[in-house]
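The structure appears right after this line, and notes come after that.
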Amino acid sequence: MFGNPAANVSKETSSVRQNQNGSQNQNCHESSSDLNYQLQCGGPTFYARANDVIELNDEDSKDITDAERARTSPAAAAIVPLRRWVALQENASMIPHAKRRSYQLGLQRAAILRKITLSYAIGELLQHLKFSVSSYSQAELLRLFSVDNFSVHVSTDQTSDEGWEVMGVDMISPPLCVQLTSNLFSISDFFESAVDGEDWGRNVEAVIARHSPFCCAKSVTEDETRDGRFLCFSLGVLLHFLFSGENRLDESVKAGTCQHESAEDAHRVDFILEQSRRPKSARIQSQHIRSVSSADNGHDLMNVNSTFRPLHCFGYTHAVSQVVKNLLDCESVGGLFCPDDAYPSLEAAIKDLRLLLREPNIFLFKSNDVLVIPAKGKFYGRSLEVSALTDAFCRVASSGQSEAYIIGGFSGSGKTRLVESAFNSVLAADGMLVYGKFNETSNSQLSVVLSALDDLCIMIADRNTPEQSQYIWQRLVSEFGNNFHLLVRTLPNVLRLASSLSSTLSRDGDILSQGEVNFFSLCDSIMRFMRVVSSSESPVMLFLDDLQWADPVSLGLVHTILSDRKGASCLFFVGNYRDNEVLPQHIIFGFYDWLKAFNVRITTIHIDGMPEDDVNSMISNALGVLPRVCRSLSRVVFRKTDGNPFFVQTFLRSLIESSHLKYDLRRKCWTWDIDSIYAENITPNVLDLISTKMTNLSQDVQTALKVASCFGTKINISVARDLSDTPQYLGLLSGLNKAVEDNFMDPVPDGSYRFVHDKVREAAYGLICCDCKDQYHFDIGTTLLFYYESQIGSTSGDLVAVIDQINHGVPSLVRSQSQRISIARLNFTAGSKAMQCYDYISAYTHAKAAILLLPSDSWRMHYDLSLGLYFQLAKSAYPSNKIDEAIEALNKIVKHADCVETRLNGYTLLHSILFNTCASNDTEQLLVTIVNVLKSLGEDIPADDVARRDVATQVRLAKRNFERESDDALLQMHKNSSKPNVAIMQAYNILVNLSFIAKPRLYQYFVARWAQFCLKSNVACKYVAGELHRHFSVWVICVCSVNSNLVVLTGARRVCSICCRFMQRREWHRC
């Protein structure tokens, strides 16, 4: 758009060569019109004058050294005078475009970024310049650092509206060049997308022409400090012109004199130059200078840079304005009157310029009137931990061996952010990431793990093609066979992998609702599922947060996956916990021991607060202030918070609320008074800070926070909407939205609301009076219950959310008997749903709460409800490791049961518990009880030892009964469904199992009696299918032990064949 500057000027036929044998001072004293710096640019050779670009001929190009050619990038094709380059940039950013507004913003940002890039290049050039203030006159110094003594290397791409890219900078007299290299040189290639929120940051390096006699190393001696100060001041003058277009100290260079706008300016410059030439010991004292300044001019020389307008007046951010101001503060070259923020050296200024290039979104483009910490994607002070975590995942992905990585630390120390830093590595390795968070208020910890794995099914379906998903589905069906329904009940979303379910499940009818599964079969199902879906090509990362709230069941499931003996799973398990809130006997330490016992690799780390330098970086980025400027504030914050990231954020916000940290609208920056912060008694306790802020909120917002805290760290949008439709909580949704604006809560993609941190939830919950917490929960639950019953005529809403809230008031707050029974039934329903999801702890909690509500005559008045609740309690208490409560519940069932079948169901479950716990004394007592039950049912069974001949007699009787039946008759014998016979068969089944432990000598006898009854009654009972193959096998052994002739062995083979045919039938597996 601007055209090629080389094409707009006449070509010179000759050039003025530089005298390489002359002294440095001679070169410096020559005018800029006589000293031209030559540069080969990969085509025609150009050199710069004050206001034009001239092409050199081939003969002149021969004088360019090989070193110059080697360091010159082929991409650089032109050199533009600095003054003209500034004008072009100003014009480019103001050109109207028909494109969208974001494109205009991109042009403006690109122009700012080019100016910072050029500023960095000029700083590097001046840092390597051999220079002594005492060797120059005033006019020579002004000419040396004149804008017209510099030119800019630009790229050849002049066809786009975005302008030229900065490739380097030249000082014409003395000749010195800086070439730039960058990881992202073409701003125009990406600025449109960057406007939408991506990173504009770039790393730029300077390459210096080392061959130049005017170049020096970066080191500066004490005697050269004044020269460094003057270089800083000179750089400040150049940068001020670069950004503002104003140059108030360099308007008469061409005339050879220094003419200023006022005598005051001339006096200031003369004084600065005079002081720069004096030895340090001879410099006049500050008090005398102040008096001279006041007497002569009426102004303080400490404000000499007031000649330059601050850059924030031109629309630049405070960081840019601060850099230039602090460079101009160095005008007192002897160190007199320099403010504390003045740069001590060019190196410090260059460091800040590099920071502006790396973090332009923070320091160049961001409106810093709003505190935003930490910056998106930023993570402070954890580079080593991030590297270790990423290496662990890469090790899992490469080896295919599962590992565990446990992170401990205080609340707010950044544990979750640390894990999130590894997410990109997981996705880059084609891995899958699932997340779960344990909740202090939840009774359903196992559901956290199962929900995360259920989400894995969705992820697998979404990331794969239908053909790939179908292949995984077929592998799962092959792995589980007839037990596939167990997996579907556990992870319902696995059905999303099938392209067509009708052909797969139609044969099974209601297979998904059949069968009863215990925790061991659950673990087996999940382990086999992970074998199929995870591998070294597709590793899975399971991240569970807040392990301090986990229970043995949930961690036991994770342990099962990690310790798979086949080693076919590829799982990277990461868990966080607050190690200051757990006791030595916490289950998490037992979890460590389990993993080590199974040779699972486990890594444990502890993270503390951030170091002070990282706290300073966080505050710098949050405020948009340079790190060296906010050092004093960071030191105070660090002492108050010990570097805890969340506490740092909270403390900063408290400083804003107390007006100790303010945003200055005039200067467009944050300001603070360190002395007042030290003097003020501001508590470092984060809970107190958050609670204090919450108490100043409106009543609607406080109510919203209190209600949300009752549901844990997250409140579902469905519950929030339902509550907001009730008169008691009309302003709930608006209050939640206001809480999001106040940084207490975050919106979740599904529309729900989540507290930004556990400590915020803790502070919100603390707003409720301790004595009123149960009532508050109870009111929420009953309000929801009434809403569901009145609006939709049922409790089909979020039943678990309702009953969990109501149970806080059980039983003391439930007044009427009808309400008690109603709530008890709701608990029974919720417990049944939990049992279906293998969430035994939640089922146990619901059963206990419901039983507390039952009246003393519940077995008479509410028999079915009581029976169901006590069975639910027994079935859930046992896997929850509450053996005594399970046995007590079963004894009550046996005592109050109104029929033999019900008692036998209780005995069956009791036998299972005693068998697995090896309680021999109780087992013997139960055996006697079952014998008595069988006697009451007409079966004459001895409870003591019997003679061997009696055993042989019973075996022969069973053998004869067996031989009389055909194979088809035996295979159809389970069709009989007589209830008395089913009860007897059930009792025999318990008796056989009990005798194996309590009365081994009676085992063969009881097996023979069981076989006789089984063959005689043809009973239809699930105990036939479940135990037939085992009991018949034992009976065959008994027969062979009595008589081992060929006929008997042939019959035994027939029995085994029939048993195998039994087990091949699908219906046996369904039982």
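Order determines the names: the first chain of the structure tokens is A, the second B, and so forth; residues in each chain are numbered 1 upward, and ligands are numbered 1 upward as they are shown.
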
Find the residues near region 781-787 of chain A: any atom within 7 Å, counting only C-alpha atoms, skip ones fewer than 5 places away on the same chain, and give them as a ChimeraX atom specification. /A:723,795,802-803,805-806

Residues of region 343-366 of chain A that approach region 224-248 of chain A to 9 Å or less, counting only C-alpha atoms: could you list each one with the shortest pair of atoms and its distance in Å to one decimal, rows by chain and increasing residue number, as a tab-separated table?
```
residue	atom	partner	partner_atom	distance
A:Tyr343	CA	A:Cys232	CA	7.3
A:Pro344	CA	A:Arg229	CA	7.0
A:Ser345	CA	A:Gly228	CA	5.8
A:Leu346	CA	A:Cys232	CA	5.7
A:Ala349	CA	A:Cys232	CA	7.9
```

For Val946 (chain A), which residue among A:Lys999, A:Lys959, A:Lys979, A:Arg109 is the nearest when counting only C-alpha atoms? A:Lys999

Using only C-alpha atoms, which of the listed residues (A:Gly609, A:Thr181, A:Ile112, A:Arg628) sits closest to Asn326 (chain A)?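 Closest to Asn326 (chain A), using only C-alpha atoms: A:Arg628.
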
Please indicate the distance in Å from CA of Val204 (chain A) to CA of Arg83 (chain A), rounded to one decimal place.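 CA of Val204 (chain A) sits 22.9 Å away from CA of Arg83 (chain A).
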
Fewer than 6 positions away in the same chain doesn't count, so skip those; otherwise give me all residues within 8 Å of Lys706 (chain A), counting only C-alpha atoms, as a ChimeraX atom specification. /A:764-765,767-768

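Here CA of Arg825 (chain A) and CA of Thr845 (chain A) stand 13.6 Å from one another.
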
Among region 543-726 of chain A, which ones does DSSP assign to helix (DSSP H, G or I) (computed from the backbone)? Answer as a ChimeraX atom specification. /A:547-549,552-562,587-597,612-623,631-641,645-657,674-679,686-695,699-710,717-724

Neighbour list for Val951 (chain A) as a list of chain:residue names, cut-off 8 Å, only C-alpha atoms, skip fewer than 5 positions in-chain: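 Near neighbours after the sequence-gap exclusion: A:Val946, A:Gln1004, A:Tyr1005, A:Ala1008.
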
For the residues in that selection, give me all heavy atoms as a PDB file, in the first residue's frame.
```
ATOM      1  N   VAL A 946     -23.021 -88.139  61.124  1.00  0.00           N
ATOM      2  CA  VAL A 946     -23.705 -89.366  60.724  1.00  0.00           C
ATOM      3  C   VAL A 946     -22.657 -90.403  60.337  1.00  0.00           C
ATOM      4  O   VAL A 946     -21.520 -90.074  59.997  1.00  0.00           O
ATOM      5  CB  VAL A 946     -24.656 -89.115  59.529  1.00  0.00           C
ATOM      6  CG1 VAL A 946     -25.774 -88.189  59.922  1.00  0.00           C
ATOM      7  CG2 VAL A 946     -23.884 -88.568  58.345  1.00  0.00           C
ATOM      8  N   GLN A1004     -20.763 -84.272  52.476  1.00  0.00           N
ATOM      9  CA  GLN A1004     -21.183 -85.248  51.475  1.00  0.00           C
ATOM     10  C   GLN A1004     -22.628 -85.711  51.715  1.00  0.00           C
ATOM     11  O   GLN A1004     -23.393 -85.912  50.767  1.00  0.00           O
ATOM     12  CB  GLN A1004     -20.248 -86.459  51.495  1.00  0.00           C
ATOM     13  CG  GLN A1004     -18.834 -86.126  51.030  1.00  0.00           C
ATOM     14  CD  GLN A1004     -17.925 -87.349  51.064  1.00  0.00           C
ATOM     15  OE1 GLN A1004     -18.253 -88.373  51.703  1.00  0.00           O
ATOM     16  NE2 GLN A1004     -16.787 -87.266  50.401  1.00  0.00           N
ATOM     17  N   TYR A1005     -22.973 -85.849  52.931  1.00  0.00           N
ATOM     18  CA  TYR A1005     -24.339 -86.273  53.271  1.00  0.00           C
ATOM     19  C   TYR A1005     -25.353 -85.237  52.800  1.00  0.00           C
ATOM     20  O   TYR A1005     -26.365 -85.580  52.157  1.00  0.00           O
ATOM     21  CB  TYR A1005     -24.450 -86.491  54.777  1.00  0.00           C
ATOM     22  CG  TYR A1005     -25.821 -86.919  55.229  1.00  0.00           C
ATOM     23  CD1 TYR A1005     -26.209 -88.268  55.194  1.00  0.00           C
ATOM     24  CD2 TYR A1005     -26.737 -85.989  55.701  1.00  0.00           C
ATOM     25  CE1 TYR A1005     -27.473 -88.661  55.601  1.00  0.00           C
ATOM     26  CE2 TYR A1005     -27.994 -86.358  56.115  1.00  0.00           C
ATOM     27  CZ  TYR A1005     -28.357 -87.700  56.062  1.00  0.00           C
ATOM     28  OH  TYR A1005     -29.615 -88.076  56.467  1.00  0.00           O
ATOM     29  N   ALA A1008     -25.711 -85.193  49.031  1.00  0.00           N
ATOM     30  CA  ALA A1008     -26.536 -86.314  48.546  1.00  0.00           C
ATOM     31  C   ALA A1008     -28.016 -86.050  48.783  1.00  0.00           C
ATOM     32  O   ALA A1008     -28.865 -86.310  47.910  1.00  0.00           O
ATOM     33  CB  ALA A1008     -26.107 -87.608  49.224  1.00  0.00           C
TER      34      ALA A1008
END
```

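Using only C-alpha atoms, the contacts of Ile990 (chain A) at a cut-off of 8 Å, with sequence neighbours closer than 6 positions omitted, comprise Tyr907, Thr908, His911 and Ile930 of chain A.
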
DSSP on the backbone, then: every residue of region 734-815 of chain A marked strand (DSSP E), written as a ChimeraX atom specification. /A:745-747,753-755

Å distance separating CA of Arg667 (chain A) from CA of Thr317 (chain A), one decimal place: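 Here the two named atoms are 9.3 Å from each other.
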
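For the residues A:Asp742, A:Gly831, A:Leu547, A:His485, ranking by smallest atom-to-atom distance to Asn696 (chain A) using only C-alpha atoms places A:Asp742 first.
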
Quick one: everything within 6 Å of Ala886 (chain A), counting only C-alpha atoms, minus sequence neighbours fewer than 5 positions away in the same chain. Send it as a PyMOL selection string. chain A and resi 874+877-878
